[in-house]
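Undergrad: This is the structure, below, for whatever I ask next.
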Amino acid sequence: MTTARAVPEELRDALRAAPRDLRRLGRELLLALGEDPDREGLVKTPERLARALKDLTVGYHQDVERLLNGARFTERYDEVVLVKDIDFYSLCVHGKTLVATKDGARFASEVRPGMTLVTLDPVARQLVETEVVVMSESKHRERYRIQLSNERELVVTGGHPIYTMDGGFQKARALRRGDMVLSTPTRKLCRPRYDPHLGYSFGYVLGAFASDGSLDSDRRVRLEVNERAFAGRFATHVHSALGIAPEVQAIRKPSGFLGREVEQYRVRVCSSYLAELLRELFGGDTHSTAFRFPEVVLHSRETMQGFLDGYIEGDGHEARSGPGRRYWTGHFITSANRPFLNRLAHVLETPVGENSVAGTARVYVSRRWFEPRNTSRGWKHGFREESQDAALQVGLGNVRTKPVRVEAIEKEQAILKSYTMYNFECRPHHSYLANGVLVANCEHHVLPFFGRCHVAYLPKGRIIGLSKIPRLVDHYARRLQVQERLTCQIAETLQETLQPQGVAVVVEARHLCLMMRGVTQQNATMVTSSMLGRFRTDPKTRAEFFALIREKEV
């Protein structure tokens, strides 16, 4: 059965504590407020508070199966069963903003239960999908406008959780200028994403790109070479490593050295995602004299061999020895990029040698570069694999996401009309992207909210005793709650218990956290809904439900 989530364990334990412990907590609360718990009028307050908390949170001590008491009956009835205007009370621990869905960005006001949103896993830094199970809107007299360094802005309530790089989720009102928040460009959410497979092919792609590749407009990866066979091998390994199937194109380019046009072969991949990944792996600069050795190729001997083969084919030459240089012993890699050569030489356990061309140096790559062996320069340990799975995931995460800086925060106060703000309860991930920024479901204060609940279901061979539905509402209401979660828990439990054709729940509530504090809105009502089965998929069934709950009593 569905259980309460997002309730701190120590708070839940306190609410389950013996009355004596709750009385002690009540006494400590009075002391923290500056009151004397022994003065007349407050002597019995800790005891009263303990009884009230026990009553308000009795839902933690109840078992749903025992509560429903087997009151499920076989009945051939398949029309709507509705119990409306169920009174309840509970405790709250609780625009035009673009929300990222898997089908593109939508305004928050257009998001509905059942839609699939795109969110970020803040640990793996990768995009994941989550489903909206409850959507709610509420009125507020103030909001916060947050200006970001990527020239975007985010408009939220002061209590809305936003993910920061240093402190995890923090309330919007607690943000300060200079804080870094986790973001991903909304316009890039729908671009194809490629997760490379570490191995020979991916190593070959990196080596060939390092030797003869370039980036065009930061979104096209390009390789232009003189040999068609080299271009063909590069295209083949791109397809094997990334699942992209580029074509080899014959082109003609002017040669300043020859004074005429020469025929070349080009492989071009149009992908800003791949271009950004290459920048990440090569240290942010893909210029031939400045890029960093891509540590990811140390993952395995196969990956490193692919890197060496790709680089040598583009910018290496054979090394030979013996009479008439008859014996092929390996290759030389030549480059003006000294830091790259130094790191490569360290990996291969060989020195960096000077080259005849001014400003360049070279590294010898033996045919036996991977073997432990004794040489004239001493013992070589041979290639030692260093798993790069985690490093690759970090690199991919950096491509998918981008920390942005908070430039300014402006608090806005409503003058005439209150601001309408939206929030979504999502599963299995409880966060979503608002204007590309990672935010979470909103939760706040230990203050009551109360109102009415309407519950309907379409039977499929079984019905439930009429009194059990109000008991079910009361069971989930009597605990620390957010209205969105309460709505969803009622619907899901009824769905699991009866397996009907569909379940619909609408909750209308007034929150003391709005009425007593902050914006002090006495007439604000929050409405949440959860639609499952046919109530979600069949517009006519859903319309019938809403017509029934709006119907006035005669």
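Residues are referred to by chain and number: the chain letter is A, B, ... according to the order shown in the structure tokens, the number counts from 1 in that chain, and ligands are numbered separately from 1 in the order shown.
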Give me every strand (DSSP E or B) residue in range 159-249 of chain A, going by DSSP on the backbone, as a PyMOL selection string.

TA: chain A and resi 161-164+168-171+180-183+213-216+220-225+248-249

Undergrad: Extract, using only C-alpha atoms, all DNA, RNA and protein residues at most 9 Å from range 132-143 of chain A, discarding same-chain residues fewer than 5 positions from it, and format them as a PyMOL selection string.

TA: chain A and resi 109+111-117+155-158+410-415+417-427+483-485+487-488+514+518-521+524-532

Undergrad: For the residues in the current selection, export N, CA and C atoms as a CSV table (one decimal), in the first residue's frame.

TA:
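Saved result, result-v5.csv, follows:
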```csv
chain,number,residue,atom,x,y,z
A,109,SER,N,0.9,26.1,-16.8
A,109,SER,CA,-0.6,26.0,-16.7
A,109,SER,C,-1.1,25.0,-17.7
A,111,VAL,N,0.3,21.9,-18.1
A,111,VAL,CA,0.7,20.5,-17.6
A,111,VAL,C,-0.5,19.9,-17.0
A,112,ARG,N,-0.7,18.6,-17.2
A,112,ARG,CA,-1.8,17.8,-16.7
A,112,ARG,C,-1.3,16.5,-16.1
A,113,PRO,N,-2.0,15.9,-15.2
A,113,PRO,CA,-1.7,14.6,-14.7
A,113,PRO,C,-1.6,13.6,-15.8
A,114,GLY,N,-0.6,12.7,-15.8
A,114,GLY,CA,-0.4,11.7,-16.8
A,114,GLY,C,0.7,12.1,-17.8
A,115,MET,N,1.1,13.4,-17.8
A,115,MET,CA,2.1,13.9,-18.7
A,115,MET,C,3.5,13.4,-18.2
A,116,THR,N,4.4,13.1,-19.1
A,116,THR,CA,5.8,12.7,-18.7
A,116,THR,C,6.7,13.9,-18.8
A,117,LEU,N,7.3,14.3,-17.7
A,117,LEU,CA,8.2,15.4,-17.6
A,117,LEU,C,9.7,14.9,-17.7
A,155,VAL,N,10.6,32.2,-12.0
A,155,VAL,CA,9.6,32.9,-11.1
A,155,VAL,C,8.9,31.8,-10.3
A,156,VAL,N,9.1,31.9,-9.0
A,156,VAL,CA,8.6,30.8,-8.1
A,156,VAL,C,8.2,31.5,-6.8
A,157,THR,N,7.5,30.7,-6.0
A,157,THR,CA,7.1,31.2,-4.6
A,157,THR,C,8.4,31.1,-3.8
A,158,GLY,N,8.4,31.8,-2.7
A,158,GLY,CA,9.6,31.9,-1.8
A,158,GLY,C,10.0,30.6,-1.2
A,410,GLU,N,14.7,39.2,-7.0
A,410,GLU,CA,13.7,40.3,-6.8
A,410,GLU,C,12.4,39.7,-6.2
A,411,LYS,N,12.1,40.2,-5.1
A,411,LYS,CA,10.8,39.9,-4.4
A,411,LYS,C,9.7,40.8,-5.0
A,412,GLU,N,8.6,40.1,-5.5
A,412,GLU,CA,7.5,40.9,-6.1
A,412,GLU,C,6.3,40.7,-5.2
A,413,GLN,N,5.6,41.8,-5.0
A,413,GLN,CA,4.4,41.9,-4.2
A,413,GLN,C,3.2,42.2,-5.1
A,414,ALA,N,2.2,41.3,-5.0
A,414,ALA,CA,1.0,41.6,-5.8
A,414,ALA,C,0.2,42.8,-5.3
A,415,ILE,N,-0.3,43.6,-6.3
A,415,ILE,CA,-1.0,44.8,-6.0
A,415,ILE,C,-2.5,44.6,-6.1
A,417,LYS,N,-4.3,41.7,-8.3
A,417,LYS,CA,-4.6,40.3,-8.3
A,417,LYS,C,-3.5,39.5,-7.7
A,418,SER,N,-3.8,38.4,-7.1
A,418,SER,CA,-2.8,37.5,-6.6
A,418,SER,C,-2.2,36.7,-7.7
A,419,TYR,N,-1.0,36.3,-7.5
A,419,TYR,CA,-0.3,35.5,-8.5
A,419,TYR,C,-0.8,34.0,-8.4
A,420,THR,N,-1.0,33.4,-9.6
A,420,THR,CA,-1.4,32.0,-9.7
A,420,THR,C,-0.1,31.2,-9.9
A,421,MET,N,0.2,30.3,-9.0
A,421,MET,CA,1.4,29.5,-9.1
A,421,MET,C,1.0,28.0,-9.2
A,422,TYR,N,1.9,27.2,-9.8
A,422,TYR,CA,1.6,25.8,-10.0
A,422,TYR,C,2.6,24.9,-9.4
A,423,ASN,N,2.2,23.7,-9.0
A,423,ASN,CA,3.1,22.7,-8.5
A,423,ASN,C,2.7,21.4,-8.9
A,424,PHE,N,3.6,20.5,-9.0
A,424,PHE,CA,3.3,19.1,-9.6
A,424,PHE,C,3.9,18.1,-8.7
A,425,GLU,N,3.1,17.0,-8.4
A,425,GLU,CA,3.6,15.9,-7.7
A,425,GLU,C,4.0,14.8,-8.7
A,426,CYS,N,5.3,14.4,-8.7
A,426,CYS,CA,5.8,13.6,-9.8
A,426,CYS,C,6.3,12.3,-9.2
A,427,ARG,N,6.3,11.2,-10.0
A,427,ARG,CA,6.8,9.9,-9.6
A,427,ARG,C,7.4,9.2,-10.9
A,483,GLN,N,-1.0,18.4,0.4
A,483,GLN,CA,-2.3,18.1,-0.2
A,483,GLN,C,-2.1,17.2,-1.5
A,484,GLU,N,-1.0,17.5,-2.3
A,484,GLU,CA,-0.8,16.8,-3.5
A,484,GLU,C,-0.6,15.3,-3.2
A,485,ARG,N,0.2,15.0,-2.1
A,485,ARG,CA,0.5,13.6,-1.8
A,485,ARG,C,-0.8,12.9,-1.3
A,487,THR,N,-3.9,13.5,-2.0
A,487,THR,CA,-4.7,13.2,-3.1
A,487,THR,C,-4.3,11.9,-3.8
A,488,CYS,N,-3.0,11.8,-4.1
A,488,CYS,CA,-2.5,10.7,-4.8
A,488,CYS,C,-2.6,9.4,-4.0
A,514,LEU,N,-1.4,29.6,4.8
A,514,LEU,CA,-1.7,30.7,3.9
A,514,LEU,C,-2.5,31.8,4.7
A,518,GLY,N,2.7,34.6,6.6
A,518,GLY,CA,3.2,34.9,5.2
A,518,GLY,C,2.2,35.9,4.5
A,519,VAL,N,1.6,35.4,3.5
A,519,VAL,CA,0.7,36.3,2.7
A,519,VAL,C,-0.7,36.5,3.3
A,520,THR,N,-1.0,35.7,4.4
A,520,THR,CA,-2.3,35.8,5.1
A,520,THR,C,-3.5,36.0,4.2
A,521,GLN,N,-3.7,35.0,3.4
A,521,GLN,CA,-4.8,34.9,2.5
A,521,GLN,C,-6.0,34.1,3.1
A,524,ALA,N,-8.2,31.9,0.2
A,524,ALA,CA,-7.5,31.1,-0.8
A,524,ALA,C,-7.8,29.6,-0.6
A,525,THR,N,-8.2,28.9,-1.7
A,525,THR,CA,-8.5,27.5,-1.7
A,525,THR,C,-7.6,26.8,-2.7
A,526,MET,N,-7.1,25.7,-2.3
A,526,MET,CA,-6.2,24.9,-3.1
A,526,MET,C,-7.0,23.7,-3.6
A,527,VAL,N,-6.9,23.4,-4.9
A,527,VAL,CA,-7.7,22.2,-5.5
A,527,VAL,C,-6.6,21.3,-6.1
A,528,THR,N,-6.7,20.0,-5.8
A,528,THR,CA,-5.8,19.0,-6.4
A,528,THR,C,-6.6,17.9,-6.9
A,529,SER,N,-6.1,17.2,-7.9
A,529,SER,CA,-6.9,16.0,-8.4
A,529,SER,C,-5.9,14.9,-8.8
A,530,SER,N,-6.4,13.7,-8.8
A,530,SER,CA,-5.6,12.5,-9.3
A,530,SER,C,-6.6,11.6,-10.0
A,531,MET,N,-6.3,11.4,-11.3
A,531,MET,CA,-7.1,10.6,-12.2
A,531,MET,C,-6.4,9.3,-12.6
A,532,LEU,N,-7.0,8.2,-12.4
A,532,LEU,CA,-6.3,6.9,-12.7
A,532,LEU,C,-7.3,6.1,-13.6
```

Undergrad: Mind checking DSSP for range 295-474 of chain A and telling me the helix (DSSP H, G or I) residues as a PDB file with C-alpha atoms, in the first residue's frame?

TA:
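This went into out.pdb:
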```pdb
ATOM      1  CA  GLU A 295      41.903  10.061 -19.812  1.00  0.00           C
ATOM      2  CA  VAL A 296      38.816   8.041 -20.696  1.00  0.00           C
ATOM      3  CA  VAL A 297      40.889   5.934 -23.145  1.00  0.00           C
ATOM      4  CA  LEU A 298      42.703   4.365 -20.168  1.00  0.00           C
ATOM      5  CA  HIS A 299      39.541   2.335 -19.519  1.00  0.00           C
ATOM      6  CA  ARG A 301      43.642  -1.997 -23.511  1.00  0.00           C
ATOM      7  CA  GLU A 302      41.118  -2.160 -26.358  1.00  0.00           C
ATOM      8  CA  THR A 303      40.053   1.469 -25.866  1.00  0.00           C
ATOM      9  CA  MET A 304      43.682   2.639 -25.700  1.00  0.00           C
ATOM     10  CA  GLN A 305      44.605   0.599 -28.780  1.00  0.00           C
ATOM     11  CA  GLY A 306      41.754   2.190 -30.690  1.00  0.00           C
ATOM     12  CA  PHE A 307      42.930   5.662 -29.639  1.00  0.00           C
ATOM     13  CA  LEU A 308      46.498   4.969 -30.774  1.00  0.00           C
ATOM     14  CA  ASP A 309      45.379   3.451 -34.091  1.00  0.00           C
ATOM     15  CA  GLY A 310      43.078   6.371 -34.856  1.00  0.00           C
ATOM     16  CA  TYR A 311      45.700   8.970 -33.992  1.00  0.00           C
ATOM     17  CA  ILE A 312      48.518   7.177 -35.841  1.00  0.00           C
ATOM     18  CA  GLU A 313      46.411   6.786 -38.983  1.00  0.00           C
ATOM     19  CA  GLY A 314      45.810  10.508 -39.008  1.00  0.00           C
ATOM     20  CA  ASP A 315      49.073  11.956 -37.766  1.00  0.00           C
ATOM     21  CA  PRO A 323      69.655  -2.812 -42.205  1.00  0.00           C
ATOM     22  CA  GLY A 324      67.822  -0.725 -44.729  1.00  0.00           C
ATOM     23  CA  ARG A 325      65.173  -0.157 -42.048  1.00  0.00           C
ATOM     24  CA  ARG A 338      53.707  19.176 -25.521  1.00  0.00           C
ATOM     25  CA  PRO A 339      51.353  18.579 -22.527  1.00  0.00           C
ATOM     26  CA  PHE A 340      49.492  15.945 -24.559  1.00  0.00           C
ATOM     27  CA  LEU A 341      52.747  14.221 -25.585  1.00  0.00           C
ATOM     28  CA  ASN A 342      54.091  14.310 -22.014  1.00  0.00           C
ATOM     29  CA  ARG A 343      51.003  12.536 -20.675  1.00  0.00           C
ATOM     30  CA  LEU A 344      51.005  10.023 -23.548  1.00  0.00           C
ATOM     31  CA  ALA A 345      54.684   9.272 -22.957  1.00  0.00           C
ATOM     32  CA  HIS A 346      54.008   8.710 -19.262  1.00  0.00           C
ATOM     33  CA  VAL A 347      51.232   6.220 -20.072  1.00  0.00           C
ATOM     34  CA  LEU A 348      53.460   4.376 -22.578  1.00  0.00           C
ATOM     35  CA  ASP A 389      32.942   4.270 -16.320  1.00  0.00           C
ATOM     36  CA  ALA A 390      32.422   6.811 -13.520  1.00  0.00           C
ATOM     37  CA  ALA A 391      34.557   9.447 -15.275  1.00  0.00           C
ATOM     38  CA  LEU A 392      32.603   8.998 -18.503  1.00  0.00           C
ATOM     39  CA  GLN A 393      29.326   9.404 -16.630  1.00  0.00           C
ATOM     40  CA  VAL A 394      30.645  12.605 -15.069  1.00  0.00           C
ATOM     41  CA  GLY A 395      31.600  13.854 -18.519  1.00  0.00           C
ATOM     42  CA  LEU A 396      28.196  12.957 -19.934  1.00  0.00           C
ATOM     43  CA  GLY A 397      26.561  14.622 -16.931  1.00  0.00           C
ATOM     44  CA  ASN A 398      28.500  17.820 -17.564  1.00  0.00           C
ATOM     45  CA  VAL A 399      27.265  17.804 -21.158  1.00  0.00           C
ATOM     46  CA  ARG A 400      23.662  17.237 -20.132  1.00  0.00           C
ATOM     47  CA  LYS A 468     -14.614   2.732   4.177  1.00  0.00           C
ATOM     48  CA  ILE A 469     -13.928   5.560   1.746  1.00  0.00           C
ATOM     49  CA  PRO A 470     -14.251   8.351   4.363  1.00  0.00           C
ATOM     50  CA  ARG A 471     -12.128   6.162   6.689  1.00  0.00           C
ATOM     51  CA  LEU A 472      -9.484   5.900   3.969  1.00  0.00           C
ATOM     52  CA  VAL A 473      -9.436   9.683   3.510  1.00  0.00           C
ATOM     53  CA  ASP A 474      -9.135  10.189   7.260  1.00  0.00           C
TER      54      ASP A 474
END
```

Undergrad: Which residue gives the smallest distance to Leu277 in chain A among A:Gly353, A:Pro196, A:Pro459, A:Gly436, with only C-alpha atoms counted?

TA: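 Residue with the minimum atom-to-atom distance to Leu277 in chain A: A:Pro196.
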
Undergrad: Enter the distance from CA of Gln495 in chain A to CA of Phe546 in chain A, in Å, rounded to one decimal.

TA: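 CA of Gln495 in chain A sits 18.9 Å away from CA of Phe546 in chain A.
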
Undergrad: Find the residues near Val238 in chain A: any atom within 8 Å, counting only C-alpha atoms, skip ones fewer than 6 places away on the same chain, and give them as a list in words.

TA: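 So, after excluding close chain neighbours, the residues are Ser201, Phe202, Val205, Ile244, Ala245 and Pro246 of chain A.
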
Undergrad: Quick one: residues within 7 Å of range 177-186 of chain A, only C-alpha atoms, excluding same-chain residues fewer than 5 positions away - as a PyMOL selection string?

TA: chain A and resi 100+163-165+400-408+435-438

Undergrad: Restricting it to N, CA and C atoms, dump the selection as a short mmCIF file (atom, residue, chain, number, x, y, z; two decimals), in the first residue's frame.

TA:
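Saved file again-v6.cif follows:
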```
data_model
loop_
_atom_site.label_atom_id
_atom_site.label_comp_id
_atom_site.auth_asym_id
_atom_site.auth_seq_id
_atom_site.Cartn_x
_atom_site.Cartn_y
_atom_site.Cartn_z
N ALA A 100 9.70 21.29 -18.69
CA ALA A 100 10.22 20.38 -19.70
C ALA A 100 9.46 19.07 -19.69
N TYR A 163 17.48 23.32 -6.68
CA TYR A 163 18.70 22.56 -6.43
C TYR A 163 19.93 23.43 -6.64
N THR A 164 20.76 23.55 -5.60
CA THR A 164 22.01 24.30 -5.68
C THR A 164 23.18 23.33 -5.67
N MET A 165 24.30 23.73 -6.26
CA MET A 165 25.45 22.85 -6.39
C MET A 165 26.10 22.57 -5.04
N ARG A 400 25.12 17.15 -20.26
CA ARG A 400 23.66 17.24 -20.13
C ARG A 400 23.24 18.43 -19.28
N THR A 401 24.08 18.80 -18.33
CA THR A 401 23.71 19.85 -17.39
C THR A 401 24.74 20.97 -17.39
N LYS A 402 24.35 22.08 -16.79
CA LYS A 402 25.26 23.21 -16.71
C LYS A 402 24.92 24.06 -15.50
N PRO A 403 25.82 24.14 -14.53
CA PRO A 403 25.56 25.02 -13.39
C PRO A 403 25.51 26.48 -13.85
N VAL A 404 24.51 27.21 -13.40
CA VAL A 404 24.40 28.63 -13.73
C VAL A 404 24.34 29.44 -12.44
N ARG A 405 24.81 30.66 -12.52
CA ARG A 405 24.93 31.51 -11.34
C ARG A 405 23.69 32.37 -11.17
N VAL A 406 23.26 32.54 -9.92
CA VAL A 406 22.18 33.46 -9.59
C VAL A 406 22.74 34.88 -9.65
N GLU A 407 22.22 35.69 -10.56
CA GLU A 407 22.71 37.06 -10.72
C GLU A 407 21.94 38.05 -9.86
N ALA A 408 20.64 37.82 -9.70
CA ALA A 408 19.83 38.76 -8.91
C ALA A 408 18.55 38.06 -8.48
N ASN A 435 11.95 26.22 -16.49
CA ASN A 435 12.86 27.08 -17.25
C ASN A 435 14.28 26.53 -17.23
N GLY A 436 14.38 25.20 -17.29
CA GLY A 436 15.67 24.55 -17.34
C GLY A 436 16.36 24.37 -16.00
N VAL A 437 15.77 24.86 -14.91
CA VAL A 437 16.37 24.78 -13.58
C VAL A 437 15.71 23.64 -12.81
N LEU A 438 16.52 22.86 -12.08
CA LEU A 438 16.00 21.72 -11.32
C LEU A 438 15.31 22.21 -10.05
#
```

Undergrad: In Å, rounded to a single decimal, give me how far CA of Val83 in chain A is from CA of Leu466 in chain A.

TA: 7.9 Å

Undergrad: Mind giving me the straight-line distance from CA of Val80 in chain A to CA of Pro428 in chain A in Å, one decimal?

TA: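 According to the coordinates, CA of Val80 in chain A and CA of Pro428 in chain A are separated by 29.0 Å.
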